[in-house]
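Peer 1: Below is the file work31.txt, which contains compact mmCIF, C-alpha atoms.
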```txt
# COMPACT_ATOMS: atom_id res chain seq x y z
CA MET A 862 36.86 21.95 23.58
CA PRO A 863 34.47 24.62 22.23
CA LYS A 864 34.31 27.79 24.30
CA THR A 865 30.55 27.38 24.84
CA THR A 866 31.06 23.91 26.32
CA ARG A 867 33.87 25.22 28.46
CA ARG A 868 31.67 28.01 29.81
CA ALA A 869 28.85 25.56 30.54
CA LEU A 870 31.16 23.25 32.48
CA SER A 871 32.60 26.18 34.40
CA LEU A 872 29.08 27.11 35.52
CA MET A 873 28.36 23.51 36.50
CA PHE A 874 31.39 23.37 38.76
CA GLY A 875 31.08 26.86 40.15
CA ALA A 876 33.95 28.22 38.06
CA THR A 877 36.37 26.01 39.96
CA LEU A 878 37.04 23.64 37.12
CA PHE A 879 38.70 25.78 34.55
CA ALA A 880 41.07 27.98 36.46
CA PRO A 881 43.98 29.29 34.40
CA ALA A 882 46.76 26.79 34.46
CA ALA A 883 50.16 26.42 32.89
CA ILE A 884 50.44 23.39 30.62
CA ALA A 885 51.73 20.52 32.70
CA GLN A 886 52.29 16.95 31.53
CA ASP A 887 54.85 15.98 34.16
CA ALA A 888 54.99 16.50 37.87
CA PRO A 889 55.91 20.13 38.60
CA ASP A 890 58.28 21.23 41.31
CA PHE A 891 56.65 22.50 44.45
CA ALA A 892 58.16 24.70 47.12
CA ALA A 893 58.52 23.10 50.53
CA PRO A 894 55.04 22.99 52.02
CA VAL A 895 54.04 25.51 54.67
CA ARG A 896 51.18 25.41 57.12
CA LEU A 897 48.36 27.79 56.30
CA MET A 898 47.08 30.11 58.98
CA ALA A 899 43.47 31.12 59.66
CA GLY A 900 43.76 34.30 61.65
CA ASP A 901 46.41 33.61 64.28
CA LYS A 902 45.81 29.84 64.38
CA PHE A 903 46.85 27.01 62.14
CA LEU A 904 44.12 26.24 59.61
CA GLY A 905 42.46 22.91 60.34
CA HIS A 906 44.58 22.35 63.42
CA ARG A 907 43.35 19.39 65.48
CA ARG A 908 40.33 18.84 63.24
CA GLY A 909 39.56 15.21 62.46
CA PHE A 910 40.91 14.67 58.94
CA PRO A 911 40.58 18.26 57.67
CA SER A 912 39.55 18.41 54.03
CA PRO A 913 40.03 21.82 52.35
CA VAL A 914 38.27 22.95 49.20
CA PHE A 915 38.53 26.32 47.46
CA HIS A 916 35.24 28.18 47.09
CA ASP A 917 34.20 31.84 47.03
CA ILE A 918 31.67 31.54 49.82
CA ASP A 919 30.80 35.23 50.13
CA GLY A 920 30.90 36.24 46.46
CA ASP A 921 33.63 38.83 46.90
CA GLY A 922 35.66 37.39 44.03
CA LEU A 923 38.26 35.83 46.31
CA ARG A 924 38.51 32.09 46.68
CA ASP A 925 37.99 31.15 50.33
CA LEU A 926 38.80 27.81 51.92
CA VAL A 927 36.01 25.58 53.18
CA ILE A 928 37.18 22.82 55.50
CA GLY A 929 35.23 19.59 55.98
CA ASP A 930 36.14 17.01 58.59
CA LEU A 931 35.48 13.45 59.68
CA PRO A 932 32.50 14.30 61.91
CA GLY A 933 30.87 15.94 58.89
CA ARG A 934 31.11 19.59 59.85
CA LEU A 935 32.22 22.53 57.73
CA THR A 936 34.11 25.70 58.52
CA VAL A 937 35.09 28.65 56.33
CA ALA A 938 38.36 30.60 56.35
CA ARG A 939 37.74 33.70 54.24
CA ARG A 940 40.51 34.95 51.98
CA LEU A 941 41.54 38.41 53.08
CA PRO A 942 41.93 41.07 50.39
CA GLY A 943 45.34 42.51 49.62
CA ASP A 944 48.47 41.89 47.65
CA GLY A 945 51.22 39.48 48.60
CA PRO A 946 50.87 35.93 49.89
CA ALA A 947 47.34 34.71 50.45
CA ARG A 948 46.01 35.32 53.95
CA PHE A 949 42.89 33.84 55.51
CA GLY A 950 40.71 35.01 58.36
CA PRO A 951 39.73 32.88 61.36
CA GLU A 952 37.65 29.78 60.72
CA THR A 953 33.92 30.21 61.22
CA LYS A 954 31.21 27.56 61.07
CA LEU A 955 29.33 27.20 57.81
CA LEU A 956 25.63 27.62 58.55
CA GLY A 957 22.78 26.11 56.60
CA ALA A 958 19.59 27.76 55.33
CA ASP A 959 18.01 27.16 58.75
CA GLY A 960 20.70 29.20 60.47
CA LYS A 961 22.14 26.11 62.19
CA ASN A 962 25.51 24.49 61.62
CA LEU A 963 25.56 22.60 58.35
CA ASP A 964 26.13 19.08 59.58
CA PHE A 965 26.72 16.00 57.43
CA ALA A 966 27.14 13.77 60.47
CA ASN A 967 23.69 12.26 60.34
CA TRP A 968 24.79 8.73 61.00
CA MET B 1012 34.06 14.14 54.55
CA SER B 1013 35.36 15.93 51.52
CA PRO B 1014 32.99 18.63 50.21
CA GLN B 1015 32.57 19.52 46.52
CA PHE B 1016 30.72 22.66 45.43
CA VAL B 1017 28.85 21.78 42.26
CA ASP B 1018 25.50 22.46 40.60
CA PHE B 1019 24.30 18.90 41.14
CA ASP B 1020 20.83 19.30 39.64
CA ALA B 1021 21.48 22.01 37.02
CA ASP B 1022 19.18 24.54 38.66
CA GLY B 1023 21.76 27.32 38.54
CA LYS B 1024 22.59 27.08 42.24
CA LEU B 1025 25.69 25.49 43.70
CA ASP B 1026 25.10 22.49 45.93
CA ILE B 1027 27.49 20.52 48.13
CA VAL B 1028 28.25 16.88 47.32
CA ALA B 1029 30.24 14.89 49.86
CA GLY B 1030 31.05 11.33 50.73
CA ILE B 1031 31.01 10.88 54.47
CA PHE B 1032 32.12 8.25 56.93
CA ASP B 1033 28.90 6.23 56.67
CA GLY B 1034 29.86 5.03 53.19
CA SER B 1035 27.30 6.89 51.04
CA PRO B 1036 27.39 10.16 49.06
CA HIS B 1037 25.35 13.04 50.44
CA LEU B 1038 23.91 16.23 49.01
CA SER B 1039 23.19 19.62 50.54
CA ARG B 1040 21.05 21.53 48.08
CA GLY B 1041 21.75 25.18 47.44
CA THR B 1042 18.70 27.40 47.88
CA ASP B 1043 18.07 31.14 47.83
CA LYS B 1044 18.42 31.09 51.62
CA GLY B 1045 21.55 28.95 51.77
CA PHE B 1046 22.39 25.26 51.92
CA GLY B 1047 19.70 22.80 52.91
CA ALA B 1048 19.97 19.89 55.33
CA PRO B 1049 22.20 17.14 53.90
CA GLU B 1050 20.42 14.15 52.40
CA GLN B 1051 21.60 10.86 50.95
CA ILE B 1052 21.97 10.64 47.19
CA LEU B 1053 19.94 7.58 46.16
CA ASP B 1054 20.05 5.38 43.10
CA ARG B 1055 17.28 5.18 40.49
CA ASP B 1056 15.35 2.72 42.66
CA GLY B 1057 15.57 4.87 45.77
CA ARG B 1058 18.25 2.76 47.42
CA ARG B 1059 21.37 3.98 49.18
CA ILE B 1060 24.44 4.26 47.01
CA VAL B 1061 27.23 2.19 48.56
CA LEU B 1062 30.23 0.18 47.47
CA ASP B 1063 30.00 -2.64 49.95
CA GLN B 1064 30.38 -1.60 53.57
CA PHE B 1065 28.03 0.99 55.04
CA TRP B 1066 26.48 2.14 58.27
CA ASN B 1067 23.01 0.65 58.55
CA PHE B 1068 20.74 3.31 60.02
CA ASP B 1069 18.04 0.75 60.83
CA THR B 1070 20.19 -1.69 62.78
CA LYS B 1071 22.72 0.94 63.86
CA LYS B 1072 25.55 -1.38 62.87
CA TRP B 1073 28.03 -1.69 60.05
CA ASP B 1074 26.49 -3.70 57.25
CA ARG B 1075 27.52 -5.04 53.86
CA ALA B 1076 25.98 -5.17 50.42
CA THR B 1077 27.12 -6.32 47.00
CA ARG B 1078 26.21 -3.87 44.28
CA LYS B 1079 28.67 -4.19 41.48
CA ALA B 1080 28.88 -4.83 37.77
CA GLY B 1081 30.63 -7.92 36.47
CA GLU B 1082 32.35 -10.76 38.26
CA PRO B 1083 34.82 -11.15 39.76
CA LEU B 1084 35.44 -7.64 41.04
CA GLN B 1085 37.58 -7.02 44.09
CA LEU B 1086 35.91 -4.38 46.17
CA GLY B 1087 38.31 -4.75 49.06
CA GLY B 1088 35.63 -4.04 51.63
CA GLY B 1089 34.25 -1.17 49.58
CA HIS B 1090 33.77 1.78 51.91
CA ALA B 1091 32.89 4.93 49.92
CA THR B 1092 33.91 7.85 52.11
CA SER B 1093 34.65 10.22 49.23
CA ALA B 1094 32.46 11.20 46.29
CA ILE B 1095 32.42 13.77 43.52
CA ALA B 1096 29.97 14.60 40.75
CA TRP B 1097 31.50 14.56 37.26
CA ASP B 1098 30.11 14.18 33.75
CA TRP B 1099 32.30 11.16 33.19
CA ASP B 1100 30.67 9.96 29.96
CA GLY B 1101 30.14 13.39 28.43
CA ASP B 1102 26.37 13.06 28.06
CA GLY B 1103 25.60 16.38 29.73
CA ASP B 1104 24.63 15.15 33.17
CA LEU B 1105 26.66 14.50 36.28
CA ASP B 1106 27.72 11.00 37.23
CA LEU B 1107 29.20 10.04 40.59
CA LEU B 1108 32.74 8.93 41.32
CA LEU B 1109 33.14 7.02 44.58
CA GLY B 1110 36.50 6.66 46.33
CA ASP B 1111 37.10 3.55 48.38
CA HIS B 1112 38.55 4.10 51.84
CA ALA B 1113 39.03 0.35 52.17
CA SER B 1114 41.06 -0.11 48.98
CA ASP B 1115 42.92 1.95 46.39
CA HIS B 1116 40.07 1.80 43.86
CA VAL B 1117 37.63 4.38 42.47
CA TYR B 1118 34.19 3.48 41.15
CA LEU B 1119 31.64 5.09 38.83
CA ARG B 1120 27.88 5.34 39.21
CA ARG B 1121 26.43 6.51 35.92
CA ASN B 1122 23.59 8.99 35.82
CA GLU B 1123 20.88 7.31 33.76
CA GLY B 1124 18.53 10.24 34.23
CA THR B 1125 19.03 13.85 33.25
CA ALA B 1126 21.07 16.78 34.44
CA GLN B 1127 18.00 18.19 36.21
CA VAL B 1128 16.69 14.88 37.57
CA PRO B 1129 19.61 12.53 38.19
CA ALA B 1130 18.87 8.79 38.35
CA PHE B 1131 21.94 6.80 39.27
CA GLY B 1132 22.48 3.25 38.13
CA LYS B 1133 22.60 0.33 40.55
CA ASP B 1134 26.09 -0.91 39.73
CA ASN B 1135 29.55 0.30 40.64
CA GLU B 1136 31.93 0.31 37.68
CA GLU B 1137 35.62 0.10 38.41
CA LEU B 1138 37.49 3.06 36.88
CA GLN B 1139 40.49 2.55 34.63
CA ALA B 1140 43.54 4.74 34.11
CA GLY B 1141 46.37 4.08 31.69
CA GLY B 1142 44.79 0.79 30.65
CA ALA B 1143 44.72 -0.63 34.19
CA PRO B 1144 42.51 -0.23 37.25
CA LEU B 1145 42.79 3.27 38.61
CA LEU B 1146 44.60 3.03 41.94
CA VAL B 1147 45.23 5.68 44.58
CA PRO B 1148 48.05 4.30 46.74
CA GLY B 1149 47.22 4.13 50.41
CA THR B 1150 43.43 3.99 49.82
CA VAL B 1151 41.31 6.89 48.61
CA ALA B 1152 40.88 9.93 50.85
CA THR B 1153 39.53 12.45 48.38
CA LEU B 1154 38.80 13.08 44.70
CA ARG B 1155 38.70 16.40 42.81
CA VAL B 1156 37.80 17.28 39.26
CA LEU B 1157 39.82 20.14 37.76
CA ASP B 1158 41.78 21.03 34.66
CA TRP B 1159 45.33 20.41 35.83
CA ASN B 1160 47.16 20.96 32.53
CA GLY B 1161 44.98 23.71 31.03
CA ASP B 1162 43.88 21.71 27.96
CA GLY B 1163 40.19 22.34 28.61
CA LYS B 1164 39.49 18.78 29.75
CA PRO B 1165 38.62 17.84 33.31
CA ASP B 1166 41.33 15.80 35.01
CA LEU B 1167 41.16 13.80 38.23
CA LEU B 1168 43.12 14.88 41.29
CA ALA B 1169 43.23 12.23 44.00
CA SER B 1170 44.93 11.94 47.36
CA GLY B 1171 45.52 8.96 49.57
CA MET B 1172 44.86 8.13 53.18
CA GLY B 1173 47.94 6.06 54.00
CA ASP B 1174 48.45 4.83 57.54
CA ALA B 1175 46.87 7.65 59.48
CA PHE B 1176 47.36 6.17 62.95
CA GLN B 1177 50.51 4.05 63.07
CA ASP B 1178 53.97 4.13 61.49
CA GLY B 1179 53.11 2.63 58.09
CA PRO B 1180 53.59 4.58 54.83
CA GLY B 1181 51.61 7.78 54.58
CA GLY B 1182 49.55 9.21 51.74
CA GLY B 1183 50.36 11.07 48.52
CA VAL B 1184 48.70 13.30 45.92
CA TYR B 1185 48.24 12.30 42.27
CA VAL B 1186 46.75 13.66 39.08
CA PHE B 1187 45.29 11.53 36.29
CA LEU B 1188 45.24 13.53 33.04
CA ASN B 1189 42.24 13.20 30.76
CA THR B 1190 43.09 12.46 27.13
CA GLY B 1191 39.56 11.69 26.01
CA ASP B 1192 37.34 13.83 23.83
CA ALA B 1193 33.66 12.88 24.01
CA THR B 1194 34.16 10.79 27.14
CA THR B 1195 36.77 10.65 29.87
CA VAL B 1196 39.97 8.66 29.29
CA LEU B 1197 42.46 8.92 32.11
CA GLY B 1198 46.17 8.30 31.80
CA ALA B 1199 48.60 6.82 34.30
CA PRO B 1200 48.96 8.78 37.54
CA ILE B 1201 51.45 11.61 37.91
CA THR B 1202 52.74 11.89 41.44
CA LEU B 1203 52.46 15.44 42.75
CA VAL B 1204 53.23 14.69 46.39
CA PRO B 1205 54.96 11.37 47.12
CA ARG B 1206 53.90 9.12 49.96
CA SER B 1207 55.45 10.01 53.28
CA THR B 1208 57.91 7.87 55.19
CA LYS B 1209 57.19 9.82 58.41
CA SER B 1210 60.88 10.23 59.18
CA ASP B 1211 61.03 13.86 60.32
CA ASP B 1212 61.64 15.24 63.80
CA GLN B 1213 59.25 18.15 63.29
CA PRO B 1214 56.10 18.73 61.22
CA THR B 1215 57.28 19.28 57.66
CA ARG B 1216 54.34 18.07 55.58
CA PRO B 1217 50.98 16.31 55.74
CA ASP B 1218 52.02 12.69 56.21
CA ALA B 1219 48.77 10.74 56.31
CA GLY B 1220 45.08 11.23 55.68
CA LEU B 1221 45.76 13.57 52.75
CA TYR B 1222 42.84 15.65 51.46
CA ALA B 1223 43.91 17.86 48.55
CA ASP B 1224 42.51 20.60 46.37
CA ALA B 1225 44.16 22.85 43.76
CA PHE B 1226 43.83 26.48 42.74
CA ASP B 1227 46.13 29.22 41.46
CA LEU B 1228 46.45 30.74 44.90
CA ASP B 1229 49.38 33.02 44.10
CA GLY B 1230 48.06 34.08 40.69
CA ASP B 1231 51.15 33.04 38.73
CA GLY B 1232 49.31 30.92 36.16
CA ASP B 1233 49.72 27.44 37.60
CA LEU B 1234 47.74 25.37 40.08
CA ASP B 1235 48.98 25.25 43.64
CA LEU B 1236 47.92 22.62 46.15
CA VAL B 1237 46.35 22.82 49.55
CA VAL B 1238 46.49 19.56 51.44
CA GLY B 1239 44.86 18.77 54.76
CA GLY B 1240 46.16 15.88 56.78
CA TYR B 1241 48.01 14.60 59.79
CA SER B 1242 51.66 15.33 60.36
CA HIS B 1243 53.54 12.56 62.13
CA TRP B 1244 56.88 13.43 63.63
CA THR B 1245 59.21 12.29 66.37
CA PRO B 1246 61.07 15.07 68.20
CA LYS B 1247 64.74 14.52 68.83
CA GLY B 1248 65.47 13.55 72.42
CA ALA B 1249 68.41 14.67 74.53
CA ALA B 1250 71.32 12.34 75.21
CA LEU B 1251 70.56 10.24 78.31
CA ASP B 1252 72.96 9.51 81.15
CA GLU B 1253 73.15 6.05 82.70
CA ALA B 1254 70.56 6.75 85.39
CA GLN B 1255 68.11 8.10 82.82
CA GLN B 1256 68.63 5.07 80.61
CA GLN B 1257 67.86 2.81 83.57
CA ARG B 1258 64.75 4.85 84.31
CA VAL B 1259 63.62 4.48 80.68
CA ALA B 1260 63.95 0.70 80.98
CA VAL B 1261 61.90 0.69 84.18
CA LEU B 1262 59.19 2.86 82.65
CA GLN B 1263 58.98 0.73 79.51
CA VAL B 1264 58.43 -2.41 81.58
CA ALA B 1265 55.83 -0.67 83.75
CA ILE B 1266 53.94 0.64 80.73
CA ALA B 1267 53.93 -2.75 79.04
CA THR B 1268 52.66 -4.34 82.25
CA GLN B 1269 49.89 -1.77 82.66
CA GLU B 1270 48.80 -2.09 79.04
CA ALA B 1271 48.68 -5.86 79.39
CA ARG B 1272 46.65 -5.44 82.58
CA LEU B 1273 44.14 -3.26 80.73
CA GLN B 1274 43.78 -5.91 78.03
CA GLN B 1275 43.37 -8.59 80.67
CA LEU B 1276 40.73 -6.55 82.42
CA GLN B 1277 38.77 -6.10 79.20
CA ALA B 1278 39.05 -9.81 78.44
CA GLU B 1279 37.60 -10.57 81.87
CA VAL B 1280 34.66 -8.23 81.18
CA VAL B 1281 33.97 -9.95 77.86
CA ALA B 1282 34.25 -13.42 79.41
CA ALA B 1283 31.88 -12.47 82.21
CA HIS B 1284 29.45 -11.04 79.67
CA ASP B 1285 29.55 -14.18 77.57
CA LYS B 1286 28.37 -16.15 80.60
CA ALA B 1287 25.84 -13.59 81.81
CA ARG B 1288 24.16 -12.92 78.47
CA VAL B 1289 22.81 -16.45 78.02
CA GLY B 1290 19.04 -16.20 77.66
CA LEU B 1291 18.99 -12.42 77.37
CA ASP B 1292 17.70 -10.47 74.37
CA GLU B 1293 19.98 -7.94 72.66
CA GLU B 1294 18.84 -4.98 74.72
CA GLN B 1295 19.22 -6.86 78.00
CA ALA B 1296 22.61 -8.17 76.92
CA ASN B 1297 23.83 -4.65 76.11
CA LYS B 1298 22.62 -3.44 79.49
CA LYS B 1299 24.44 -6.31 81.21
CA TYR B 1300 27.63 -5.46 79.36
CA SER B 1301 27.40 -1.84 80.54
CA GLU B 1302 26.96 -3.03 84.13
CA LEU B 1303 29.96 -5.34 83.95
CA TYR B 1304 32.08 -2.69 82.25
CA LYS B 1305 31.20 -0.02 84.83
CA ALA B 1306 31.89 -2.42 87.69
CA ARG B 1307 35.55 -2.56 86.68
CA GLN B 1308 35.86 1.15 86.00
CA PRO B 1309 37.63 2.10 89.27
CA GLU B 1310 40.37 -0.43 88.58
CA ARG B 1311 40.54 0.63 84.95
CA SER B 1312 40.82 4.31 85.87
CA GLU B 1313 43.66 3.65 88.32
CA ILE B 1314 45.66 1.73 85.72
CA GLN B 1315 45.03 4.42 83.10
CA LYS B 1316 46.16 7.10 85.54
CA GLN B 1317 49.43 5.28 86.18
CA LEU B 1318 49.84 4.59 82.50
CA GLN B 1319 49.36 8.24 81.60
CA ALA B 1320 51.89 9.38 84.18
CA GLY B 1321 54.40 6.78 83.05
CA LYS B 1322 54.05 7.71 79.39
CA ALA B 1323 54.45 11.40 80.18
CA GLU B 1324 57.68 10.74 82.08
CA LEU B 1325 58.96 8.43 79.34
CA ASP B 1326 58.11 11.06 76.72
CA SER B 1327 60.23 13.60 78.59
CA LEU B 1328 63.19 11.24 78.23
CA VAL B 1329 62.46 9.58 74.88
CA PRO B 1330 59.98 11.67 72.88
CA ALA B 1331 57.12 9.70 71.37
CA VAL B 1332 55.57 10.22 67.92
CA ARG B 1333 53.45 13.37 67.55
CA ARG B 1334 50.35 13.40 65.35
CA GLU B 1335 48.45 16.59 64.65
CA SER B 1336 46.32 17.79 61.76
CA PHE B 1337 46.98 20.91 59.70
CA VAL B 1338 46.28 22.30 56.22
CA TRP B 1339 49.40 22.81 54.09
CA TYR B 1340 50.12 24.97 51.06
CA TYR B 1341 52.30 23.64 48.24
CA GLU B 1342 53.30 26.45 45.91
CA ASN B 1343 53.66 25.22 42.34
CA LEU B 1344 56.94 26.64 41.03
CA ALA B 1345 56.14 26.17 37.33
CA GLY B 1346 54.62 29.62 36.97
CA ARG B 1347 57.45 31.29 38.88
CA THR B 1348 60.03 29.53 36.72
CA ALA B 1349 58.23 30.57 33.51
CA ARG B 1350 58.32 34.28 34.38
```
Could you express the structure from this file as C-alpha cells?
Peer 2:
Amino acid sequence: MPKTTRRALSLMFGATLFAPAAIAQDAPDFAAPVRLMAGDKFLGHRRGFPSPVFHDIDGDGLRDLVIGDLPGRLTVARRLPGDGPARFGPETKLLGADGKNLDFANW
Amino acid sequence: MSPQFVDFDADGKLDIVAGIFDGSPHLSRGTDKGFGAPEQILDRDGRRIVLDQFWNFDTKKWDRATRKAGEPLQLGGGHATSAIAWDWDGDGDLDLLLGDHASDHVYLRRNEGTAQVPAFGKDNEELQAGGAPLLVPGTVATLRVLDWNGDGKPDLLASGMGDAFQDGPGGGVYVFLNTGDATTVLGAPITLVPRSTKSDDQPTRPDAGLYADAFDLDGDGDLDLVVGGYSHWTPKGAALDEAQQQRVAVLQVAIATQEARLQQLQAEVVAAHDKARVGLDEEQANKKYSELYKARQPERSEIQKQLQAGKAELDSLVPAVRRESFVWYYENLAGRTAR
C-alpha cells in the first residue's frame, strides 16, 4: 500500500488503524489475561456488557480506554503517564458538546 | 453498544459510530465543541438501517423488516447491535459493516454516496471470508477494523457474544486477515481467544459477551487485546456433613416449589387479564394488566423474599454460579519473544 494511502487511512480512523504490529499470520500466544484497573476499581466492573475501545480522548499522546455499555453510555479511563505496565485513572463519564452525558440510549 | 472513533464524513473531525441495542447504527458527530447528540445513520432513502429485527420507535415494540439482497438469505432474526465504518470496497468512502446479535453473520451496507456525504444502499450483503459466509461463533458482539499483521491492509477483528446468561458455551475473539488489494478479501478466521467452557472456580477470563479491541499497549511491537465481558465462575464449596446435605435437599425442594409458585401466580395474572381485556382498547388493556399484576404483588413479594433467603442459605452450602463484568488485558507475547 502506498505511504500516502496509508496516511490517509490513518487519518480516517483516527490513527488507530495502522499501529505498529509484528507480522502475524497465525494465532499468537497471549499471557494469561488479567483484569484492568481504573484507579482502585476494576475497569468496567458491573457495567452491562462493557465494550472497550482505545482512543486518545484528551490529546496527550496516550491511548485512553473508552468504555461503552448496553444502556448506551460511555465512560473514559485515562491512561496515566509513566513507564512500566499501563495504568489507567478512574472512569469518568464522557460528556457531549452540550455538557451532558453522551447517551446512545435513545430507544 | 460498541463505539468506534472514526471520521465518518471526512470533515477532519473524529466522530463516534456505534451499533446499539435497538438494532440500528448510530452516529455522534464530532464538532469543535465536542461530540453531538447521537442520531441514527439512515440509508439513501432516509430509512433506518436494520437487518431484520429492530425497536420500532413509533409503536414502541420490537418490529421486523426484510431488507436484504438476493434470495434465499438466512438472516437468523437479524438484529444489528454492532456496527463499524470501513471502506470495504476501496472506493474512498466509508461503508458500514453490521454484526448480527441474532446469528453469527456480518453484513455490508455499501456507501453509494461520497466520503463527505454518505448515502447507504438499501440492501444488506452477507460478508464472505475464506470462500464461505463470514461467521463469528456465538453471534456477533463487536467488530473492529485494524491492521493485525502489519501488512498495511485493514483486517477485521471480531468477538462473539456466546451464552451470556446461562451455562452454554461462551464467546471468543477472532481475526480475519485481509488479502485483497483494491477491495477487501478476508481469509478464514484465526482464533485469538477460544470460546469459553465456563469451567473455572474463580474469574480467570471474560467468558461471555466478549467486546474486544487491540492496541500495542506495552509498546513491544505487537497488538495486545483488551476484552470486556462477563466472567462466569463457580466457587468451590466446602465438604458437607450429613446434616448439611439434608439441609441442601430441603432447600432445593423449597426453592423449586417457590419458583413454581411464582410461575403459577404469573399464569393466573395472564389468565385473568385474558378474560378482563375483552372489549378494551390497547391502552385500557394495559391499564387492566397493571391493576391485576399489582393486586398480586403482596403475595409475589412474600414468595420472592422466601426465595431470596433460601437461595442465600443454599449458596453458603453449595456456591452458585457467579457472573460479573470486567475488562481484561491479553498481552501478546510475540513481541516479547522476538526481543
Peer 1: For a cut-off of 9 Å around (26.1, 22.3, 41.3), file coordinates, pick out all residues using all atoms listed in the file and list them as a PyMOL selection string.
Peer 2: (chain A and resi 872-875) or (chain B and resi 1015-1028+1040-1041+1096)
Peer 1: Measure the distance from atom CA of A:Phe903 to atom CA of B:Ser1013 in Å and round it to one decimal.
Peer 2: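 So the two atoms, atom CA of A:Phe903 and atom CA of B:Ser1013, lie 19.2 Å apart.
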Peer 1: Residues of chain B within 6 Å of chain A, using all atoms listed in the file, as a PyMOL selection string?
Peer 2: chain B and resi 1012-1013+1017-1018+1044-1047+1049+1157-1158+1160-1161+1203+1222+1224+1232-1234+1239-1240+1335-1344
Peer 1: Can you tell me how far atom CA of B:Asp1104 sits from atom CA of B:Asp1235, in Å to one decimal?
Peer 2: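 Separation between atom CA of B:Asp1104 and atom CA of B:Asp1235: 28.4 Å.
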Peer 1: Please report the interatomic distance between atom CA of B:Ala1283 and atom CA of B:Glu1302 in Å with one decimal.
Peer 2: 10.8 Å
Peer 1: Excluding same-chain residues fewer than 5 positions from B:Leu1053, what lies within 8 Å of it counting only C-alpha atoms, as a list in words?
Peer 2: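 Once the nearby chain positions are removed, what remains is Arg1058, Arg1059, Ile1060, Ala1130 and Phe1131 of chain B.
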Peer 1: Need the shell around stretch 1184-1197 of chain B: protein/DNA/RNA residues with any atom at most 10 Å away, counting only C-alpha atoms. Skip same-chain ones fewer than 4 positions apart. Format as a ChimeraX atom specification?
Peer 2: /A:862,885-888 /B:1097-1102,1138-1142,1145-1148,1152-1160,1162-1172,1201-1206,1221-1224,1236,1238
Peer 1: Find the residues near stretch 1249-1252 of chain B: any atom within 9 Å, counting only C-alpha atoms, skip ones fewer than 3 places away on the same chain, and give them as a PyMOL selection string.
Peer 2: chain B and resi 1255-1257+1328-1329
